[in-house]
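The structure appears right after this line, and notes come after that.
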Amino acid sequence: MSRFRARRLLLGCSASDLVLLAEPEATTDAPQLLAALAVAAPAAATASAVTAALGAALAGLQPAPLAAADQAPAGAQSAVQSHFLSVTLDDGLVRSFVVTPPRGAQGLRELRATAAARFAGLYGESAEHWLLVGDWHASSPFIVCALPRALYRALDQWAQAHSWRLDSMAPALVRVCNRLCASIPSDGWLLVGFGQTLSLLNLCNDQIASTRSLPLPGVPDFAALETLLAQERLRSPDQGASGRQQSLLWAGAADWLPLASHMAGLESRTIRLPDAGAPAGAGSSAATQLALAGRCS
Amino acid sequence: MKPLNIDFVVRRPWQQPLATRSRAILIALGGVAVLAAAALAWQVLQLERQLAESAQAIARAGQEVAGHTPPPRPPLFLSAAQVLAINAAIGQLNTPWPALLDAFESVASADIALLQIEPDYRRRLVKGVAEAMNHQTMLDYLAALGAAAPFARALVIKQEINDKDPNRPLRFSFEALFDDTPGKGPASDRATPQARPRERR
């Protein structure tokens with residue numbers, strides 16, 4: 001066995017709770033719960049208030065020691081173990097939007113400037129305090145995700161404080177897209193549900209048309225989801241432009257994901273991300289679902 | 001749908017996908033190319049310097065060799081008269097005497113007394129003076145001489161009766177043209193020496 005072993009840690013981060021899991025070395029084992037913490041509700045629902053609350057909660061998130069089976073055996077040569085932290089963010093913490101590149105765009109700098117201008121136009125504030133990351137394309141619309149720089153710094157400093165290497169940080173929508181990219185309909189909708197957040201991604205001719213994240217006030221039923229979907233379809237200007245029948249793909253780990261084969265007149269199917277590996281005591285909170293979503297992506 | 005390349009963590013260059021690293025790879029390749037070009041240019045400069053040093057060394061060696069070499073002899077200039085005299089001497093030396101004498105000996109007979117022979121290399125002939133008992137003997141002798149190699153033909157120049165001799169022999173002068181061209185035998189007009197004396201006679 002190599003003396004240099006890497007251990008992957010999974011952090012689920014939502015506005016209401018934080019959960020840290022340790023991925024086991026054997027694929028058959030369940031992840032180990034290292035820490036779970038409920039975040040105090042911020043005074044206001046603004047991004048800065050949520051970020052401040054999460055930053056304060058991170059300071060109190062102290063991981064438990066790793067399982068004894070993962071430690072070096074007594075008497076054996078001590079192994080050097082590094083830890084990679086993978087953070088999955090709730091889509092409510094991230095602002096995701098679609099950017100259409102300008103005609104004749106050249107270079108990443110121009111695309112970044114376009115994304116910043118789009119951000120300012122959509123949210124009415126400068127992108128200076130936001131970290132913008134996109135799936136940059138010069139000829140087709142692409143998704144850009146914005147994260148408060150303060151939240152990124154808080155997570156980075158928290159990882160450094162524990163001598164962990166921050167390996168990946170992405171919103172749940174991106175995790176699901178990369179995990180189910182082969183199953184996502186080229187004309188239709190991808191609806192991702194984690195906790196109380198529903199994210200919608202509309203595709204037309206295998207190109208991204210729009211994206212939107214909605215905080216749900218409570219656990220929605222089938223009729224509420226159908227109504228919500230109909231509203232979102234009305235907002236999308238490219239409905240039926242391709243002339244092909246659209247379909248729906250529900251994905252995520254939320255309990256309220258519908259299992260119907262048809263919904264709002266469209267063919268629908270649901271892929272539930274496996275949460276059977278949730279460790280005992282972690283429950284099925286949104287943060288646990290998010291942490292597990294970053295397990296295999 | 002293609003996977004989304006979205007991650008808030010900026011990965012290190014060697015951890016990024018190849019498409020993302022293309023610019024860095026191109027820059028690295030460009031840097032390597034610039035270094036290689038600089039190395040090649042330096043090598044070319046070194047070679048040119050070595051070539052210049054070698055050329056200077058060769059020039060110095062040539063000067064040293066020239067200093068130790070005696071001056072060449074002045075060219076030999078000859079006047080036209082000298083050239084003609086030398087050519088005349090060479091022509092005389094090149095006269096094929098053995099062949100000529102063999103030809104004369106081959107046609108010698110008791111009826112002919114050969115008194116004198118004198119070569120004329122310029123006209124490529126041999127002048128001779130001989131005495132014969134009669135005209136027929138003279139003509140037979142000249143015909144035989146003209147047919148003997150290396151002669152091509154023999155002509156009578158002058159003839160007279162030697163009255164001082166009690167036998168009154170026929171003294172005649174002749175010219176025998178010789179042709180020492182390899183493979184060229186006696187000319188086909190060997191009868192000419194016989195015909196011409198007859199005509200003159």
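Following the order of the structure tokens, first chain is A, next is B, and so on, with residues numbered from 1 inside each chain and ligands from 1 in the order they appear.
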
>> Residues of chain A within 7 Å of chain B, counting only C-alpha atoms, what are they? List them as a count of residues only.
In response: 15

> Any idea what's packed within 9 Å of Val176 of chain A, counting only C-alpha atoms, ignoring anything in its chain fewer than 6 positions away? Could you give it as an MDAnalysis selection string?
Replying inline: chainID A and resid 192 251:252 273 293:294 297

Okay, now the selection with N, CA and C atoms, as an mmCIF file, in the first residue's frame?
```cif
data_model
loop_
_atom_site.group_PDB
_atom_site.id
_atom_site.type_symbol
_atom_site.label_atom_id
_atom_site.label_comp_id
_atom_site.auth_asym_id
_atom_site.auth_seq_id
_atom_site.Cartn_x
_atom_site.Cartn_y
_atom_site.Cartn_z
ATOM 1 N N VAL A 192 -33.793 20.176 -11.097
ATOM 2 C CA VAL A 192 -32.943 19.620 -10.045
ATOM 3 C C VAL A 192 -33.504 20.066 -8.700
ATOM 4 N N ALA A 251 -34.258 15.429 -11.437
ATOM 5 C CA ALA A 251 -33.099 14.791 -10.818
ATOM 6 C C ALA A 251 -32.836 15.470 -9.489
ATOM 7 N N GLY A 252 -32.178 14.750 -8.611
ATOM 8 C CA GLY A 252 -31.837 15.298 -7.310
ATOM 9 C C GLY A 252 -32.095 14.283 -6.215
ATOM 10 N N LEU A 273 -30.900 10.724 -7.253
ATOM 11 C CA LEU A 273 -29.513 10.419 -6.911
ATOM 12 C C LEU A 273 -29.512 9.540 -5.672
ATOM 13 N N ALA A 293 -24.128 14.469 -3.353
ATOM 14 C CA ALA A 293 -24.142 14.766 -4.796
ATOM 15 C C ALA A 293 -22.735 15.015 -5.325
ATOM 16 N N GLY A 294 -21.851 15.470 -4.464
ATOM 17 C CA GLY A 294 -20.477 15.699 -4.912
ATOM 18 C C GLY A 294 -19.604 14.476 -4.806
ATOM 19 N N SER A 297 -19.313 12.925 -8.820
ATOM 20 C CA SER A 297 -19.337 13.787 -9.996
ATOM 21 C C SER A 297 -17.920 14.064 -10.464
#
```

> Quick one: DSSP helix (DSSP H, G or I) residues in segment 22-156 of chain B, as a PyMOL selection string?
Replying inline: chain B and resi 22-68+80-93+97-106+135-147

>> Write out as JSON, numbers by chain the set of residues from segment 13-148 of chain A that DSSP, computed on the backbone, places in strand (DSSP E).
In response: {"A": [13, 17, 18, 19, 20, 21, 22, 32, 33, 34, 35, 36, 37, 38, 80, 81, 82, 83, 84, 85, 86, 87, 88, 89, 95, 96, 97, 98, 99, 130, 131, 132, 133, 134, 142, 143, 144, 145, 146, 147, 148]}

Store the residues picked out above in a file with N, CA and C atoms, as a short mmCIF file (atom, residue, chain, number, x, y, z; two decimals), in the first residue's frame.
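Generated file (selection_11.cif):
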```cif
data_model
loop_
_atom_site.label_atom_id
_atom_site.label_comp_id
_atom_site.auth_asym_id
_atom_site.auth_seq_id
_atom_site.Cartn_x
_atom_site.Cartn_y
_atom_site.Cartn_z
N CYS A 13 -23.29 22.32 1.49
CA CYS A 13 -23.45 23.67 2.03
C CYS A 13 -24.77 24.25 1.52
N ASP A 17 -27.93 24.62 6.66
CA ASP A 17 -27.08 23.67 7.40
C ASP A 17 -25.83 23.33 6.61
N LEU A 18 -24.88 22.76 7.33
CA LEU A 18 -23.61 22.32 6.77
C LEU A 18 -23.37 20.88 7.21
N VAL A 19 -22.93 20.06 6.30
CA VAL A 19 -22.63 18.66 6.62
C VAL A 19 -21.31 18.31 5.97
N LEU A 20 -20.43 17.70 6.77
CA LEU A 20 -19.14 17.26 6.26
C LEU A 20 -19.07 15.75 6.36
N LEU A 21 -18.80 15.10 5.23
CA LEU A 21 -18.68 13.65 5.18
C LEU A 21 -17.28 13.29 4.72
N ALA A 22 -16.85 12.10 5.09
CA ALA A 22 -15.58 11.55 4.62
C ALA A 22 -15.90 10.36 3.74
N GLN A 32 -18.51 8.53 6.10
CA GLN A 32 -18.46 8.78 7.54
C GLN A 32 -18.86 10.23 7.81
N LEU A 33 -19.75 10.41 8.73
CA LEU A 33 -20.18 11.75 9.11
C LEU A 33 -19.13 12.36 10.04
N LEU A 34 -18.56 13.45 9.58
CA LEU A 34 -17.52 14.11 10.37
C LEU A 34 -18.08 15.29 11.15
N ALA A 35 -19.03 16.00 10.55
CA ALA A 35 -19.59 17.17 11.25
C ALA A 35 -20.90 17.55 10.59
N ALA A 36 -21.81 18.07 11.36
CA ALA A 36 -23.07 18.59 10.86
C ALA A 36 -23.46 19.76 11.74
N LEU A 37 -23.90 20.80 11.12
CA LEU A 37 -24.19 22.01 11.88
C LEU A 37 -25.34 22.75 11.21
N ALA A 38 -26.29 23.16 12.03
CA ALA A 38 -27.39 23.98 11.53
C ALA A 38 -26.97 25.43 11.57
N VAL A 80 1.38 8.97 5.08
CA VAL A 80 1.09 10.37 4.85
C VAL A 80 -0.24 10.46 4.12
N GLN A 81 -1.23 11.06 4.77
CA GLN A 81 -2.56 11.09 4.20
C GLN A 81 -2.95 12.54 3.93
N SER A 82 -3.35 12.79 2.69
CA SER A 82 -3.80 14.13 2.33
C SER A 82 -5.31 14.10 2.14
N HIS A 83 -5.92 15.23 2.32
CA HIS A 83 -7.37 15.32 2.26
C HIS A 83 -7.75 16.34 1.20
N PHE A 84 -8.66 15.92 0.36
CA PHE A 84 -9.19 16.80 -0.67
C PHE A 84 -10.64 17.10 -0.33
N LEU A 85 -10.94 18.36 -0.32
CA LEU A 85 -12.28 18.79 0.06
C LEU A 85 -13.07 19.16 -1.19
N SER A 86 -14.22 18.54 -1.30
CA SER A 86 -15.12 18.84 -2.42
C SER A 86 -16.40 19.45 -1.84
N VAL A 87 -16.68 20.64 -2.27
CA VAL A 87 -17.82 21.39 -1.72
C VAL A 87 -18.92 21.44 -2.77
N THR A 88 -20.13 21.09 -2.35
CA THR A 88 -21.29 21.22 -3.22
C THR A 88 -22.23 22.26 -2.59
N LEU A 89 -22.50 23.28 -3.36
CA LEU A 89 -23.28 24.42 -2.85
C LEU A 89 -24.73 24.29 -3.27
N ARG A 95 -25.72 32.35 -7.87
CA ARG A 95 -26.54 32.97 -8.92
C ARG A 95 -26.07 32.42 -10.27
N SER A 96 -26.98 31.68 -10.90
CA SER A 96 -26.65 31.09 -12.20
C SER A 96 -27.48 31.78 -13.27
N PHE A 97 -26.85 32.07 -14.38
CA PHE A 97 -27.56 32.72 -15.48
C PHE A 97 -26.88 32.34 -16.79
N VAL A 98 -27.60 32.59 -17.87
CA VAL A 98 -27.11 32.22 -19.20
C VAL A 98 -26.60 33.47 -19.89
N VAL A 99 -25.46 33.35 -20.50
CA VAL A 99 -24.84 34.47 -21.22
C VAL A 99 -24.71 34.07 -22.69
N TRP A 130 -18.36 39.28 -6.49
CA TRP A 130 -18.81 37.94 -6.83
C TRP A 130 -17.75 37.25 -7.68
N LEU A 131 -17.64 35.97 -7.44
CA LEU A 131 -16.69 35.17 -8.21
C LEU A 131 -17.47 34.53 -9.35
N LEU A 132 -17.15 34.95 -10.57
CA LEU A 132 -17.87 34.47 -11.74
C LEU A 132 -17.08 33.36 -12.44
N VAL A 133 -17.74 32.23 -12.59
CA VAL A 133 -17.11 31.11 -13.28
C VAL A 133 -18.12 30.60 -14.29
N GLY A 134 -17.67 30.38 -15.51
CA GLY A 134 -18.58 29.95 -16.56
C GLY A 134 -18.02 28.81 -17.38
N PHE A 142 -23.84 30.04 -22.82
CA PHE A 142 -23.22 29.21 -21.79
C PHE A 142 -23.69 29.69 -20.42
N ILE A 143 -23.51 28.80 -19.45
CA ILE A 143 -23.92 29.09 -18.09
C ILE A 143 -22.78 29.78 -17.34
N VAL A 144 -23.14 30.76 -16.56
CA VAL A 144 -22.18 31.40 -15.66
C VAL A 144 -22.75 31.31 -14.26
N CYS A 145 -21.93 30.92 -13.31
CA CYS A 145 -22.33 30.83 -11.90
C CYS A 145 -21.53 31.86 -11.11
N ALA A 146 -22.23 32.56 -10.25
CA ALA A 146 -21.60 33.61 -9.44
C ALA A 146 -21.73 33.24 -7.98
N LEU A 147 -20.62 33.31 -7.26
CA LEU A 147 -20.57 32.99 -5.84
C LEU A 147 -19.98 34.19 -5.10
N PRO A 148 -20.56 34.57 -3.97
CA PRO A 148 -19.95 35.67 -3.22
C PRO A 148 -18.50 35.35 -2.86
#
```

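Here atom CA of Arg212 of chain A is placed at a distance of 20.1 Å from atom CA of Arg272 of chain A.
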
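When only C-alpha atoms are used to compute distances to Thr100 of chain A, the closest of the residues A:Ser163, A:Ser14, A:Thr227, A:Ser139 turns out to be A:Ser139.
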
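Between atom CA of Asp102 of chain B and atom CA of Ile157 of chain B the separation is 22.5 Å.
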
Env of segment 53-56 of chain A: 10 Å cut, atoms = only C-alpha atoms, seq-sep filter 3 positions within chain, self excluded. Answer as a compact mmCIF listing (two decimals) with C-alpha atoms, in the first residue's frame.
```
# COMPACT_ATOMS: atom_id res chain seq x y z
CA CYS A 13 -23.45 23.67 2.03
CA SER A 14 -26.93 25.13 2.10
CA ALA A 15 -28.28 28.26 3.66
CA SER A 16 -29.70 26.29 6.56
CA ASP A 17 -27.08 23.67 7.40
CA LEU A 18 -23.61 22.32 6.77
CA ALA A 38 -27.39 23.98 11.53
CA VAL A 39 -26.90 27.54 10.42
CA ALA A 40 -28.68 30.24 12.30
CA ALA A 41 -31.22 31.97 10.14
CA PRO A 42 -29.88 35.33 9.00
CA ALA A 43 -31.65 38.50 9.83
CA ALA A 47 -26.75 37.21 -0.13
CA SER A 48 -24.40 39.10 2.17
CA ALA A 49 -26.42 38.13 5.24
CA VAL A 50 -26.50 34.46 4.22
CA ALA A 59 -15.99 28.63 12.38
CA GLY A 60 -17.93 26.32 14.60
CA LEU A 61 -17.89 23.35 12.29
CA ALA A 150 -16.62 36.31 0.89
CA LEU A 151 -18.20 32.85 0.99
CA TYR A 152 -15.47 31.42 -1.20
CA ARG A 153 -12.80 32.93 1.04
CA ALA A 154 -14.52 31.61 4.16
CA LEU A 155 -14.63 28.09 2.75
CA TRP A 158 -11.72 26.90 6.70
```

I want to know what sits within 12 Å of Leu101 of chain B, based on only C-alpha atoms, with residues of the same chain fewer than 3 positions away left out; could you give that as a PDB file with N, CA and C atoms, in the first residue's frame?
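Printed below is selection-v3.pdb as written:
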```pdb
ATOM      1  N   THR B  95      61.857  13.223 -89.393  1.00  0.00           N
ATOM      2  CA  THR B  95      61.844  12.549 -90.712  1.00  0.00           C
ATOM      3  C   THR B  95      62.031  11.043 -90.518  1.00  0.00           C
ATOM      4  N   PRO B  96      61.161  10.244 -91.072  1.00  0.00           N
ATOM      5  CA  PRO B  96      61.233   8.772 -90.867  1.00  0.00           C
ATOM      6  C   PRO B  96      62.352   8.141 -91.695  1.00  0.00           C
ATOM      7  N   TRP B  97      63.590   8.384 -91.285  1.00  0.00           N
ATOM      8  CA  TRP B  97      64.731   7.900 -92.049  1.00  0.00           C
ATOM      9  C   TRP B  97      64.736   6.384 -92.214  1.00  0.00           C
ATOM     10  N   PRO B  98      64.514   5.605 -91.220  1.00  0.00           N
ATOM     11  CA  PRO B  98      64.550   4.137 -91.439  1.00  0.00           C
ATOM     12  C   PRO B  98      63.590   3.694 -92.515  1.00  0.00           C
ATOM     13  N   PHE B 104      64.160   2.905-100.268  1.00  0.00           N
ATOM     14  CA  PHE B 104      65.193   3.032-101.315  1.00  0.00           C
ATOM     15  C   PHE B 104      65.915   1.709-101.533  1.00  0.00           C
ATOM     16  N   GLU B 105      66.194   1.023-100.409  1.00  0.00           N
ATOM     17  CA  GLU B 105      66.910  -0.251-100.546  1.00  0.00           C
ATOM     18  C   GLU B 105      66.043  -1.304-101.220  1.00  0.00           C
ATOM     19  N   SER B 106      64.754  -1.213-100.987  1.00  0.00           N
ATOM     20  CA  SER B 106      63.892  -2.241-101.572  1.00  0.00           C
ATOM     21  C   SER B 106      63.802  -2.115-103.089  1.00  0.00           C
ATOM     22  N   VAL B 107      63.982  -0.913-103.615  1.00  0.00           N
ATOM     23  CA  VAL B 107      63.860  -0.716-105.070  1.00  0.00           C
ATOM     24  C   VAL B 107      65.237  -0.613-105.726  1.00  0.00           C
ATOM     25  N   ALA B 108      66.302  -0.815-104.976  1.00  0.00           N
ATOM     26  CA  ALA B 108      67.632  -0.713-105.570  1.00  0.00           C
ATOM     27  C   ALA B 108      67.882  -1.866-106.551  1.00  0.00           C
ATOM     28  N   LEU B 114      72.041   5.269-107.486  1.00  0.00           N
ATOM     29  CA  LEU B 114      71.482   6.390-106.691  1.00  0.00           C
ATOM     30  C   LEU B 114      72.633   7.241-106.201  1.00  0.00           C
ATOM     31  N   ILE B 117      70.472  11.801-102.167  1.00  0.00           N
ATOM     32  CA  ILE B 117      69.102  11.999-101.682  1.00  0.00           C
ATOM     33  C   ILE B 117      69.136  13.144-100.670  1.00  0.00           C
ATOM     34  N   GLU B 118      68.113  13.921-100.691  1.00  0.00           N
ATOM     35  CA  GLU B 118      68.028  15.101 -99.802  1.00  0.00           C
ATOM     36  C   GLU B 118      66.552  15.265 -99.374  1.00  0.00           C
ATOM     37  N   PRO B 119      66.319  15.181 -98.084  1.00  0.00           N
ATOM     38  CA  PRO B 119      64.910  15.309 -97.641  1.00  0.00           C
ATOM     39  C   PRO B 119      64.458  16.773 -97.599  1.00  0.00           C
ATOM     40  N   VAL B 126      61.327  13.741-100.733  1.00  0.00           N
ATOM     41  CA  VAL B 126      62.775  13.492-100.771  1.00  0.00           C
ATOM     42  C   VAL B 126      63.248  13.748-102.207  1.00  0.00           C
ATOM     43  N   LEU B 145      59.669   2.980-106.814  1.00  0.00           N
ATOM     44  CA  LEU B 145      59.885   3.817-105.633  1.00  0.00           C
ATOM     45  C   LEU B 145      58.568   4.443-105.144  1.00  0.00           C
ATOM     46  N   ALA B 148      56.592   1.979-103.156  1.00  0.00           N
ATOM     47  CA  ALA B 148      57.145   1.468-101.893  1.00  0.00           C
ATOM     48  C   ALA B 148      56.794   2.427-100.752  1.00  0.00           C
ATOM     49  N   ALA B 149      56.314   1.823 -99.679  1.00  0.00           N
ATOM     50  CA  ALA B 149      56.005   2.653 -98.497  1.00  0.00           C
ATOM     51  C   ALA B 149      57.302   3.186 -97.913  1.00  0.00           C
ATOM     52  N   PRO B 150      57.326   4.362 -97.403  1.00  0.00           N
ATOM     53  CA  PRO B 150      56.215   5.288 -97.161  1.00  0.00           C
ATOM     54  C   PRO B 150      55.978   6.258 -98.313  1.00  0.00           C
ATOM     55  N   PHE B 151      56.533   5.990 -99.476  1.00  0.00           N
ATOM     56  CA  PHE B 151      56.330   6.955-100.553  1.00  0.00           C
ATOM     57  C   PHE B 151      54.952   6.787-101.142  1.00  0.00           C
ATOM     58  N   PHE B 178      56.537  11.430 -99.661  1.00  0.00           N
ATOM     59  CA  PHE B 178      56.242  10.362 -98.712  1.00  0.00           C
ATOM     60  C   PHE B 178      55.073  10.779 -97.807  1.00  0.00           C
TER      61      PHE B 178
END
```
